[in-house]
Every structure is written in structure tokens, then in C-alpha cells.
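Visitor: Just one file: start.cif, with mmCIF, C-alpha atoms and all ligand atoms.
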```cif
data_run
loop_
_atom_site.label_atom_id
_atom_site.label_comp_id
_atom_site.auth_asym_id
_atom_site.auth_seq_id
_atom_site.Cartn_x
_atom_site.Cartn_y
_atom_site.Cartn_z
CA MET Q 1358 -12.05 14.56 -25.55
CA VAL Q 1359 -9.87 11.69 -26.69
CA THR Q 1360 -10.97 8.26 -25.41
CA GLU Q 1361 -8.86 5.19 -24.60
CA LYS Q 1362 -9.99 3.66 -27.90
CA GLU Q 1363 -8.55 6.64 -29.76
CA GLY Q 1364 -5.10 6.27 -28.17
CA GLY Q 1365 -5.77 8.04 -24.87
CA VAL Q 1366 -3.67 6.84 -21.92
CA ARG Q 1367 -3.98 7.24 -18.16
CA ALA Q 1368 -1.25 8.00 -15.62
CA GLY Q 1369 -0.94 6.88 -12.00
CA ILE Q 1370 1.44 8.16 -9.32
CA ASP Q 1371 2.22 6.29 -6.12
CA LEU Q 1372 3.58 8.98 -3.78
CA GLY Q 1373 5.32 7.21 -0.93
CA GLY Q 1374 7.37 8.50 1.97
CA THR Q 1375 10.49 6.88 0.49
CA GLY Q 1376 9.81 6.23 -3.18
CA THR Q 1377 7.60 7.59 -5.94
CA ARG Q 1378 6.46 5.47 -8.88
CA ILE Q 1379 4.74 6.71 -12.00
CA VAL Q 1380 2.98 4.45 -14.53
CA ILE Q 1381 1.31 5.06 -17.87
CA MET Q 1382 -1.56 2.72 -18.60
CA GLU Q 1383 -3.25 1.98 -21.91
CA ASN Q 1384 -6.37 -0.20 -22.02
CA GLN Q 1385 -5.68 -1.35 -18.43
CA GLN Q 1386 -2.12 -2.41 -19.33
CA GLN Q 1387 1.04 -0.76 -18.04
CA ILE Q 1388 3.05 0.62 -21.00
CA ALA Q 1389 5.64 2.74 -19.17
CA VAL Q 1390 6.97 3.01 -15.62
CA ALA Q 1391 9.48 5.17 -13.75
CA ALA Q 1392 10.61 5.12 -10.13
CA MET Q 1393 12.42 7.82 -8.19
CA PRO Q 1394 13.20 8.74 -4.57
CA THR Q 1395 10.56 11.09 -3.15
CA ALA Q 1396 13.41 13.12 -1.61
CA LEU Q 1397 14.12 14.30 -5.16
CA PHE Q 1398 11.30 16.83 -4.69
CA ASP Q 1399 12.41 18.11 -1.27
CA SER Q 1400 14.90 20.58 -2.73
CA VAL Q 1401 12.42 21.94 -5.33
CA PRO Q 1402 10.93 25.30 -4.20
CA ASP Q 1403 7.31 24.98 -3.00
CA ALA Q 1404 5.84 26.88 -5.93
CA MET Q 1405 7.54 24.61 -8.47
CA ARG Q 1406 7.00 21.21 -6.87
CA SER Q 1407 3.79 20.20 -8.65
CA GLY Q 1408 5.26 21.49 -11.93
CA ARG Q 1409 8.27 19.18 -11.49
CA LEU Q 1410 6.00 16.20 -10.79
CA ALA Q 1411 3.89 16.99 -13.86
CA GLN Q 1412 7.06 17.18 -15.92
CA LYS Q 1413 8.01 13.65 -14.76
CA VAL Q 1414 4.61 12.42 -16.00
CA ARG Q 1415 5.02 14.14 -19.38
CA GLU Q 1416 8.54 12.71 -19.82
CA LEU Q 1417 7.13 9.22 -19.39
CA LEU Q 1418 4.37 9.61 -22.02
CA PRO Q 1419 5.27 7.56 -25.11
CA ALA Q 1420 5.34 9.55 -28.37
CA GLY Q 1421 1.96 9.88 -30.00
CA LYS Q 1422 0.02 9.11 -26.82
CA ARG Q 1423 -2.40 11.58 -25.33
CA LEU Q 1424 -2.93 11.73 -21.56
CA ILE Q 1425 -6.62 11.67 -20.53
CA SER Q 1426 -6.46 11.36 -16.72
CA LEU Q 1427 -4.16 11.22 -13.72
CA GLY Q 1428 -4.65 9.47 -10.38
CA ILE Q 1429 -2.50 9.96 -7.28
CA GLY Q 1430 -2.21 7.49 -4.40
CA ALA Q 1431 -0.56 9.25 -1.45
CA SER Q 1432 0.96 7.87 1.72
CA GLY Q 1433 -0.94 8.82 4.90
CA PRO Q 1434 -4.15 10.78 5.40
CA VAL Q 1435 -5.72 12.44 2.37
CA ASN Q 1436 -8.70 14.75 2.82
CA ASN Q 1437 -11.22 13.40 0.32
CA GLN Q 1438 -13.25 16.60 0.36
CA THR Q 1439 -10.41 18.97 -0.49
CA GLY Q 1440 -8.02 16.52 -2.18
CA ILE Q 1441 -5.22 17.79 0.05
CA ILE Q 1442 -2.61 15.45 1.52
CA GLU Q 1443 -2.32 15.86 5.30
CA ASN Q 1444 0.86 13.99 6.09
CA ASN Q 1445 3.58 16.16 7.56
CA ASP Q 1446 5.14 13.06 9.16
CA THR Q 1447 6.29 11.22 6.04
CA LEU Q 1448 5.16 13.26 3.01
CA ALA Q 1449 5.74 16.88 4.03
CA ALA Q 1450 6.87 17.99 0.55
CA PHE Q 1451 3.41 17.28 -0.93
CA SER Q 1452 1.22 18.11 2.09
CA TYR Q 1453 -1.05 21.05 2.80
CA PHE Q 1454 -1.21 22.65 -0.63
CA PRO Q 1455 -3.68 22.11 -3.51
CA LEU Q 1456 -1.66 19.48 -5.40
CA VAL Q 1457 -4.70 18.13 -7.31
CA GLU Q 1458 -5.74 21.56 -8.56
CA GLN Q 1459 -2.18 22.40 -9.61
CA MET Q 1460 -1.67 19.07 -11.41
CA GLN Q 1461 -4.94 19.66 -13.28
CA GLN Q 1462 -3.64 23.02 -14.44
CA HIS Q 1463 -0.23 21.66 -15.44
CA LEU Q 1464 -1.51 18.63 -17.35
CA GLY Q 1465 -4.95 19.78 -18.48
CA VAL Q 1466 -6.66 16.52 -17.48
CA PRO Q 1467 -8.93 15.43 -14.59
CA VAL Q 1468 -6.94 14.42 -11.48
CA ASN Q 1469 -8.14 12.10 -8.69
CA ILE Q 1470 -6.41 11.45 -5.39
CA ASP Q 1471 -6.78 8.92 -2.57
CA ASN Q 1472 -4.79 7.19 0.13
CA ASP Q 1473 -2.13 4.78 -1.19
CA ALA Q 1474 -3.63 1.75 0.56
CA VAL Q 1475 -6.94 2.39 -1.22
CA ALA Q 1476 -5.10 2.79 -4.53
CA ALA Q 1477 -3.19 -0.47 -4.06
CA ALA Q 1478 -6.42 -2.33 -3.20
CA LEU Q 1479 -8.05 -0.94 -6.36
CA GLY Q 1480 -5.08 -2.12 -8.43
CA GLU Q 1481 -5.44 -5.66 -7.09
CA TYR Q 1482 -9.24 -5.55 -7.46
CA TYR Q 1483 -9.15 -4.67 -11.16
CA LEU Q 1484 -5.89 -6.24 -12.28
CA GLY Q 1485 -4.51 -8.61 -9.64
CA ALA Q 1486 -5.35 -11.16 -6.94
CA GLY Q 1487 -8.54 -9.34 -5.83
CA ARG Q 1488 -10.45 -9.79 -9.09
CA GLY Q 1489 -14.06 -10.82 -8.54
CA SER Q 1490 -13.98 -10.07 -4.81
CA GLN Q 1491 -17.18 -8.72 -3.28
CA ARG Q 1492 -15.43 -7.65 -0.11
CA LEU Q 1493 -11.71 -7.23 -0.39
CA LEU Q 1494 -9.43 -6.60 2.57
CA MET Q 1495 -5.91 -5.49 1.81
CA VAL Q 1496 -3.24 -5.23 4.48
CA THR Q 1497 0.13 -3.67 3.75
CA LEU Q 1498 2.98 -4.85 5.97
CA GLY Q 1499 5.69 -2.26 5.41
CA THR Q 1500 7.28 0.50 7.49
CA GLY Q 1501 3.86 0.63 9.13
CA VAL Q 1502 0.65 -1.38 8.69
CA GLY Q 1503 -1.89 -0.01 6.19
CA VAL Q 1504 -5.42 -1.32 5.69
CA ALA Q 1505 -7.99 -0.80 2.94
CA LEU Q 1506 -11.36 -2.45 2.39
CA LEU Q 1507 -13.29 -2.47 -0.87
CA ASP Q 1508 -16.98 -3.32 -0.96
CA ASN Q 1509 -17.66 -4.38 -4.57
CA GLY Q 1510 -14.78 -2.15 -5.63
CA LYS Q 1511 -15.89 0.84 -3.56
CA PRO Q 1512 -13.64 1.95 -0.65
CA TRP Q 1513 -15.08 1.63 2.82
CA ARG Q 1514 -14.62 4.96 4.63
CA THR Q 1515 -15.22 6.44 8.04
CA ALA Q 1516 -17.96 9.04 8.59
CA SER Q 1517 -15.41 11.79 8.00
CA GLY Q 1518 -14.38 10.28 4.67
CA ALA Q 1519 -11.04 8.86 5.82
CA HIS Q 1520 -9.89 5.29 5.27
CA PRO Q 1521 -9.68 3.14 8.43
CA GLU Q 1522 -6.32 3.50 10.21
CA ALA Q 1523 -6.54 -0.12 11.30
CA GLY Q 1524 -2.80 -0.42 11.92
CA HIS Q 1525 -3.66 1.29 15.19
CA ILE Q 1526 -6.08 -1.24 16.63
CA PRO Q 1527 -4.58 -2.37 19.94
CA VAL Q 1528 -3.80 -6.09 19.95
CA GLY Q 1529 -2.07 -6.15 23.33
CA GLY Q 1530 1.21 -7.85 23.93
CA ASP Q 1531 4.49 -6.46 25.04
CA SER Q 1532 5.07 -3.39 22.90
CA PRO Q 1533 6.17 0.19 23.56
CA PRO Q 1534 3.67 3.10 23.35
CA CYS Q 1535 2.81 3.96 19.74
CA TYR Q 1536 3.21 7.46 18.22
CA CYS Q 1537 -0.61 7.53 17.91
CA GLY Q 1538 -0.88 7.63 21.69
CA LEU Q 1539 -2.13 4.09 22.35
CA GLU Q 1540 -0.25 1.10 23.65
CA GLY Q 1541 0.03 -2.29 21.96
CA CYS Q 1542 -0.89 -1.12 18.45
CA TRP Q 1543 -0.99 -3.82 15.76
CA GLU Q 1544 1.47 -1.77 13.73
CA SER Q 1545 4.16 -1.92 16.42
CA LEU Q 1546 4.10 -5.72 16.24
CA ALA Q 1547 3.20 -6.52 12.63
CA ALA Q 1548 5.10 -3.91 10.58
CA ARG Q 1549 8.20 -5.04 8.71
CA SER Q 1550 10.12 -2.91 11.18
CA TRP Q 1551 9.35 -5.37 14.01
CA LEU Q 1552 10.65 -8.30 11.96
CA GLN Q 1553 13.71 -6.36 10.92
CA LYS Q 1554 14.53 -5.40 14.50
CA ALA Q 1555 14.06 -8.94 15.80
CA LEU Q 1556 16.31 -10.40 13.10
CA HIS Q 1557 18.95 -7.73 13.70
CA ALA Q 1558 18.99 -8.55 17.39
CA THR Q 1559 19.77 -12.18 16.47
CA TRP Q 1560 22.50 -11.49 13.91
CA ARG Q 1561 23.83 -8.00 14.26
CA ASP Q 1562 26.38 -8.31 11.50
CA GLU Q 1563 24.06 -9.16 8.61
CA PRO Q 1564 21.99 -6.86 6.43
CA TYR Q 1565 18.26 -7.40 6.16
CA ASP Q 1566 17.11 -5.67 3.01
CA ASP Q 1567 19.25 -7.33 0.38
CA LEU Q 1568 18.49 -10.90 1.27
CA ALA Q 1569 15.92 -12.93 -0.60
CA LEU Q 1570 13.37 -15.47 0.60
CA PRO Q 1571 15.50 -18.60 -0.16
CA TYR Q 1572 18.20 -17.25 2.15
CA TYR Q 1573 15.78 -16.88 5.05
CA GLN Q 1574 14.28 -20.26 4.28
CA GLN Q 1575 17.71 -21.83 4.76
CA ARG Q 1576 18.32 -19.85 7.94
CA CYS Q 1577 14.98 -20.97 9.38
CA GLU Q 1578 15.81 -24.59 8.66
CA ALA Q 1579 19.26 -24.27 10.23
CA ASP Q 1580 18.37 -22.13 13.24
CA PRO Q 1581 15.28 -22.65 15.42
CA ASP Q 1582 15.70 -19.12 16.87
CA VAL Q 1583 15.25 -17.59 13.43
CA ALA Q 1584 12.28 -19.86 12.67
CA GLY Q 1585 10.86 -18.75 16.02
CA ILE Q 1586 11.08 -15.07 15.04
CA PHE Q 1587 9.05 -15.68 11.87
CA ALA Q 1588 6.52 -17.76 13.85
CA ARG Q 1589 6.10 -14.94 16.38
CA TYR Q 1590 5.77 -12.40 13.60
CA GLY Q 1591 3.06 -14.56 11.99
CA ARG Q 1592 1.14 -14.71 15.29
CA HIS Q 1593 1.32 -10.90 15.52
CA VAL Q 1594 -0.04 -10.53 11.99
CA GLY Q 1595 -2.79 -13.06 12.76
CA ARG Q 1596 -3.86 -11.32 15.96
CA GLY Q 1597 -4.83 -8.08 14.19
CA LEU Q 1598 -6.27 -9.97 11.23
CA ASN Q 1599 -8.66 -11.71 13.64
CA SER Q 1600 -10.34 -8.41 14.47
CA LEU Q 1601 -10.59 -7.32 10.86
CA LEU Q 1602 -11.84 -10.69 9.54
CA THR Q 1603 -14.44 -10.83 12.30
CA LEU Q 1604 -15.73 -7.31 11.71
CA TYR Q 1605 -15.49 -7.02 7.92
CA GLY Q 1606 -16.01 -10.62 6.80
CA PRO Q 1607 -14.01 -10.27 3.56
CA ASP Q 1608 -14.11 -13.01 0.91
CA ILE Q 1609 -10.45 -12.34 -0.03
CA THR Q 1610 -7.68 -10.92 2.13
CA LEU Q 1611 -4.48 -9.79 0.43
CA LEU Q 1612 -1.14 -9.14 2.09
CA SER Q 1613 1.19 -6.66 0.43
CA GLY Q 1614 4.22 -4.61 1.41
CA SER Q 1615 7.83 -5.61 1.85
CA ALA Q 1616 7.21 -8.14 4.66
CA ALA Q 1617 4.54 -9.99 2.62
CA HIS Q 1618 7.47 -11.29 0.60
CA PHE Q 1619 8.19 -13.62 3.57
CA TYR Q 1620 4.65 -15.02 3.65
CA PRO Q 1621 5.68 -18.72 3.39
CA LEU Q 1622 7.84 -18.28 6.51
CA PHE Q 1623 5.26 -16.59 8.76
CA GLN Q 1624 2.12 -18.27 7.37
CA PRO Q 1625 2.14 -21.17 9.89
CA GLY Q 1626 2.40 -18.74 12.85
CA MET Q 1627 -0.37 -16.61 11.38
CA ALA Q 1628 -2.59 -19.66 10.80
CA SER Q 1629 -2.15 -20.72 14.44
CA ALA Q 1630 -3.34 -17.29 15.61
CA LEU Q 1631 -6.38 -17.55 13.34
CA SER Q 1632 -7.60 -21.01 14.34
CA ARG Q 1633 -10.91 -20.88 16.18
CA ALA Q 1634 -13.63 -23.18 17.44
CA ALA Q 1635 -16.16 -24.51 14.96
CA GLY Q 1636 -18.95 -22.02 14.44
CA TYR Q 1637 -16.62 -19.05 14.91
CA ALA Q 1638 -14.54 -19.71 11.84
CA VAL Q 1639 -13.75 -16.77 9.57
CA ASN Q 1640 -12.91 -16.80 5.87
CA LYS Q 1641 -9.21 -17.54 5.74
CA GLN Q 1642 -8.56 -17.06 2.06
CA ILE Q 1643 -5.43 -15.00 2.61
CA LEU Q 1644 -3.12 -14.50 -0.35
CA PRO Q 1645 -0.03 -12.49 -1.16
CA SER Q 1646 -0.70 -9.56 -3.52
CA GLN Q 1647 -0.10 -10.21 -7.19
CA LEU Q 1648 1.03 -6.81 -8.45
CA GLY Q 1649 3.66 -6.26 -5.76
CA ASP Q 1650 5.29 -2.82 -5.82
CA SER Q 1651 3.24 -1.76 -8.86
CA ALA Q 1652 -0.18 -2.12 -7.17
CA GLY Q 1653 -0.24 1.44 -5.81
CA ALA Q 1654 0.63 3.24 -9.06
CA LEU Q 1655 -1.60 1.03 -11.22
CA GLY Q 1656 -4.46 1.47 -8.74
CA ALA Q 1657 -3.90 5.24 -8.77
CA ALA Q 1658 -4.29 5.22 -12.57
CA LEU Q 1659 -7.64 3.43 -11.99
CA LEU Q 1660 -9.00 5.97 -9.48
CA TYR Q 1661 -11.09 7.54 -12.27
CA ARG Q 1662 -13.30 4.44 -12.09
CA LEU Q 1663 -14.43 5.34 -8.55
CA GLU Q 1664 -15.81 8.64 -9.75
CA ARG Q 1665 -17.73 6.87 -12.46
CA ALA Q 1666 -19.12 4.24 -10.06
CA ALA Q 1667 -20.24 6.87 -7.53
ZN ZN E 1 -0.86 3.38 17.20
#
```
Take the structure in this file and express it as C-alpha cells.

Guide:
Amino acid sequence: MVTEKEGGVRAGIDLGGTGTRIVIMENQQQIAVAAMPTALFDSVPDAMRSGRLAQKVRELLPAGKRLISLGIGASGPVNNQTGIIENNDTLAAFSYFPLVEQMQQHLGVPVNIDNDAVAAALGEYYLGAGRGSQRLLMVTLGTGVGVALLDNGKPWRTASGAHPEAGHIPVGGDSPPCYCGLEGCWESLAARSWLQKALHATWRDEPYDDLALPYYQQRCEADPDVAGIFARYGRHVGRGLNSLLTLYGPDITLLSGSAAHFYPLFQPGMASALSRAAGYAVNKQILPSQLGDSAGALGAALLYRLERAA
């Protein structure tokens, strides 16, 4: 078997509900990357879907490089015993068939799979803002709220092997019933979707997605209503973080996902929700992620390290 020293490279795939990203990594450095809409695979017949994904990996391999492993980080629940994705809600095209086994056959290398939040946390732990952490908490503020915890680089799991679905801890407040069946879920108040909806309600005529942080900074300075939305959003984020910081006691907490981009605007609101009496203080080293959108794919390429550590 070729090793990394002999020119072997590793691939990582971040399979998201909306987008898929593939990276090739050599000696822990990204040497190639490709991004594509996940919907690209919807029209591929079931029997050919894993073959098409494997082809995308092969196309990305630089000439002369030999693939030695593949890791997949998938959105939603992944059964760690069978390696099968169980996410008919947002990743139906890759759910409920033996993707890992098929990718192994197509590529002829070992394949590991895990939830995408776990993969992103691993990426930050080995290559980004989580380096050196003994207990890393990573919270993704995107379409939903994803949570992963690493204990010295090892994912914390439930008794059934799943990662904690901590976006669904109830934090109260005025929110509609969640699709999970509870009311007042953290996700309904702290996902990017809440922020997006609140901003849309204030200015109906303006897009949300294309605008950068400096634009919102200006709007916050000019309009107390807009500043108030970010402050409220920060308090929502802080409310759920309180539970997690109290229970897990992480030394570093990282915020990732599309809403983390606005961290400077919601940080004061979040800090106000986290302030407690002396003696009850929790570690408040909360930082934005360093790898951004690449964390999931890079972390997926590093999933082989979990096997080795186990
Ligand atoms: Zn819920």
C-alpha cells in the first residue's frame, strides 16, 4: 500500500443538502477542491449514483497522485454501525443504500463516513481554530443548528452511536412548533433562517444572501431596528450555548455556518445572554471557525484518523 510519504493522497467529501464539496489532501494540505450542487446527482439513476460520485473524485486527482483513502461527511443522521445515511429529509439521493461499500468498490480504497458536523469539528481540530483543544464544541449556524463535541479529538456520541442533535434542545421563547415535535427548539431561534426572516420582515425589497458583513455593519449603525435584530439573534444563540457550555464544559467553542459570518454583529447580544453570577461562570472562549466552508470536506478527509485512534 502506498503511504502519504510515497505520494499517496486522501480525499474528503462534504455531502450537504444543497452543496457538495470534494477536496484532495496531501500531507494534511488541500491540493485540489471542487464544489457542485448536490441536486446534480438527483437525476442519476439509483444504481449509478455512487459511480458518478466516485468519478468526480477521480477527476479531481492530480496526475501522478495515488488515492489512499476517502472520508465522507454527510448532512443529517448517519448510522455509524452500518455506514448508511438516514436522511430522507434533505439528502434523499444518498440515503438508505450502502454508499460506503459501493465507494470502496469503485475506488479501491478504505472509506469512512460520519455526520458533517463531526467532520467539520475534526477539520478545525486538526487544521483550524480548534487545534490543541481538549474538549471542543462546534456549533454550526446554518439552515438548521448542528452541534458536535470532540473529547481530545474523539467525537462524543449517544449510546446508540449518533451525534447529539442539540439543535433541538428547547430554549423556550416565542417560536412555532418544530418539525421534531417539540416547541421552542434552539434551532428555530438560532438558525440563519431566523435571522434571514427577521431581516426580510424589516426590508422586504432587499436580498439577504449577497450582502457582506460591512454592509450590515453600516445598516446596524444607521438603523436601531436592524441592530436590535442582531442583538436578539445573539441572545438566542447565547441561550442554547448556556446549556451546552454548562453540560460539556468545553475549553474552545467554535461557531461555523453561514450566520457565523455575522459574529461581530451578534456577539454583544450573545455575551449578554451568557453573563452569569460569579462562581457560575463558564468558559467563554468562543471563536468563529477558521476553515469556513472547507472545514467539512477537510475534516472528512481526516476521518481515517478516528479509526486509528480507536
Ligand atoms: Zn426541534

Visitor: Skip stretch 1586-1591 of chain Q itself and residues of its chain fewer than 3 positions away, then list as a PyMOL selection string all residues within 12 Å of it, counting all atoms listed in the file.

Guide: chain Q and resi 1498+1530+1543-1559+1573-1574+1576-1578+1580-1583+1594-1598+1616-1617+1619-1631

Visitor: List as JSON lines every residue of stretch 1458-1483 of chain Q that is in contact with stretch 1606-1610 of chain Q, defined as an atom at most 12 Å from one of its atoms (using all atoms listed in the file), together with the nearest atom pair and the distance in Å rounded to one decimal, sorted by chain and then rising number.

Guide:
```
{"residue": "Q:Ala1478", "atom": "CA", "partner": "Q:Thr1610", "partner_atom": "CA", "distance": 10.2}
{"residue": "Q:Glu1481", "atom": "CA", "partner": "Q:Thr1610", "partner_atom": "CA", "distance": 10.8}
{"residue": "Q:Tyr1482", "atom": "CA", "partner": "Q:Ile1609", "partner_atom": "CA", "distance": 10.1}
```

Visitor: Produce as a VMD selection string the set of residues near ligand ZN 1 (chain E), where near means within 9 Å with only C-alpha atoms and all ligand atoms considered.

Guide: chain Q and resid 1522 to 1527 1534 to 1545

Visitor: One decimal, in Å: what's the spacing between atom CA of Q:Gln1438 and atom CA of Q:Asn1384?

Guide: 28.8 Å

Visitor: Can you work out the spacing between atom CA of Q:Met1405 and atom CA of Q:Leu1448 in Å, to one decimal?

Guide: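 Value for the atom CA of Q:Met1405-atom CA of Q:Leu1448 distance: 16.3 Å.
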
Visitor: Quick one: residues within 7 Å of Q:Pro1645, all atoms listed in the file, excluding same-chain residues fewer than 4 positions away - as JSON, numbers by chain?

Guide: {"Q": [1611, 1612, 1613, 1617]}

Visitor: Please identify all polymer residues within 10 Å of Q:Tyr1483, counting all atoms listed in the file, omitting same-chain residues fewer than 2 positions from it, and present them as a list in words.

Guide: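 Everything that qualifies: Gln1385, Ala1478, Leu1479, Gly1480, Glu1481, Gly1485, Ala1486, Gly1487, Arg1488, Gly1489, Ser1490, Gly1510, Leu1655, Gly1656 and Leu1659 of chain Q.
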
Visitor: Need to verify the contact set: stretch 1503-1509 of chain Q, 6 Å, only C-alpha atoms, exclusion of same-chain residues closer than 5 positions in sequence. Can you return it as a list of chain:residue names?

Guide: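 Listing them by chain and then by number gives Q:Ala1474, Q:Val1475, Q:Gln1491, Q:Arg1492, Q:Leu1493, Q:Leu1494, Q:Met1495, Q:Val1496, Q:Thr1497, Q:Ala1523, Q:Gly1524.
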
Visitor: I'd like the interatomic distance between atom CA of Q:Gly1376 and atom CA of Q:Gln1459, to a tenth of an Å.

Guide: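 Separation between atom CA of Q:Gly1376 and atom CA of Q:Gln1459: 21.1 Å.
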
Visitor: Which residues, written as a PyMOL selection string, have at least one atom at most 12 Å from Q:Asn1445, with all atoms listed in the file counted and residues fewer than 3 positions away on the same chain left out?

Guide: chain Q and resi 1374+1432-1435+1441-1442+1448-1454

Visitor: For those residues, write C-alpha atoms to a file as a CSV table (one decimal), in the frame of the given file.

Guide:
```csv
chain,number,residue,atom,x,y,z
Q,1374,GLY,CA,7.4,8.5,2.0
Q,1432,SER,CA,1.0,7.9,1.7
Q,1433,GLY,CA,-0.9,8.8,4.9
Q,1434,PRO,CA,-4.2,10.8,5.4
Q,1435,VAL,CA,-5.7,12.4,2.4
Q,1441,ILE,CA,-5.2,17.8,0.0
Q,1442,ILE,CA,-2.6,15.4,1.5
Q,1448,LEU,CA,5.2,13.3,3.0
Q,1449,ALA,CA,5.7,16.9,4.0
Q,1450,ALA,CA,6.9,18.0,0.6
Q,1451,PHE,CA,3.4,17.3,-0.9
Q,1452,SER,CA,1.2,18.1,2.1
Q,1453,TYR,CA,-1.0,21.0,2.8
Q,1454,PHE,CA,-1.2,22.6,-0.6
```

Visitor: Could stretch 1615-1663 of chain Q be written out with C-alpha atoms, as a short mmCIF file (atom, residue, chain, number, x, y, z; two decimals), in the first residue's frame, please?

Guide:
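The file below, selection_26.cif, is the result:
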```cif
data_model
loop_
_atom_site.label_atom_id
_atom_site.label_comp_id
_atom_site.auth_asym_id
_atom_site.auth_seq_id
_atom_site.Cartn_x
_atom_site.Cartn_y
_atom_site.Cartn_z
CA SER Q 1615 -23.33 30.96 7.14
CA ALA Q 1616 -24.63 33.03 10.08
CA ALA Q 1617 -21.27 32.82 11.92
CA HIS Q 1618 -20.07 35.28 9.30
CA PHE Q 1619 -22.04 37.96 11.21
CA TYR Q 1620 -20.38 37.14 14.54
CA PRO Q 1621 -19.18 40.73 15.26
CA LEU Q 1622 -22.79 41.94 14.95
CA PHE Q 1623 -24.45 39.39 17.25
CA GLN Q 1624 -21.54 38.86 19.69
CA PRO Q 1625 -22.69 41.57 22.17
CA GLY Q 1626 -26.21 40.07 22.35
CA MET Q 1627 -24.75 36.61 22.79
CA ALA Q 1628 -22.38 37.81 25.53
CA SER Q 1629 -25.30 39.37 27.43
CA ALA Q 1630 -27.14 36.03 27.40
CA LEU Q 1631 -24.02 34.28 28.70
CA SER Q 1632 -23.21 36.57 31.63
CA ARG Q 1633 -23.71 34.85 34.97
CA ALA Q 1634 -23.02 35.38 38.64
CA ALA Q 1635 -19.52 34.77 39.94
CA GLY Q 1636 -18.99 31.11 40.70
CA TYR Q 1637 -21.29 30.01 37.87
CA ALA Q 1638 -19.11 31.34 35.09
CA VAL Q 1639 -18.48 29.09 32.09
CA ASN Q 1640 -15.57 29.13 29.68
CA LYS Q 1641 -16.47 31.78 27.14
CA GLN Q 1642 -13.68 31.30 24.65
CA ILE Q 1643 -15.99 31.41 21.65
CA LEU Q 1644 -14.41 31.92 18.25
CA PRO Q 1645 -15.51 31.88 14.63
CA SER Q 1646 -14.29 28.82 12.71
CA GLN Q 1647 -11.09 29.24 10.76
CA LEU Q 1648 -11.62 26.92 7.80
CA GLY Q 1649 -15.06 28.25 6.88
CA ASP Q 1650 -16.82 26.32 4.11
CA SER Q 1651 -13.86 23.94 3.72
CA ALA Q 1652 -14.00 22.54 7.28
CA GLY Q 1653 -16.44 19.74 6.42
CA ALA Q 1654 -14.59 18.35 3.40
CA LEU Q 1655 -11.14 18.67 5.01
CA GLY Q 1656 -12.45 17.02 8.18
CA ALA Q 1657 -13.98 14.23 6.09
CA ALA Q 1658 -10.56 13.56 4.54
CA LEU Q 1659 -9.25 13.25 8.13
CA LEU Q 1660 -11.87 10.71 9.28
CA TYR Q 1661 -9.29 7.92 8.81
CA ARG Q 1662 -7.56 9.26 11.93
CA LEU Q 1663 -10.56 8.32 14.11
#
```
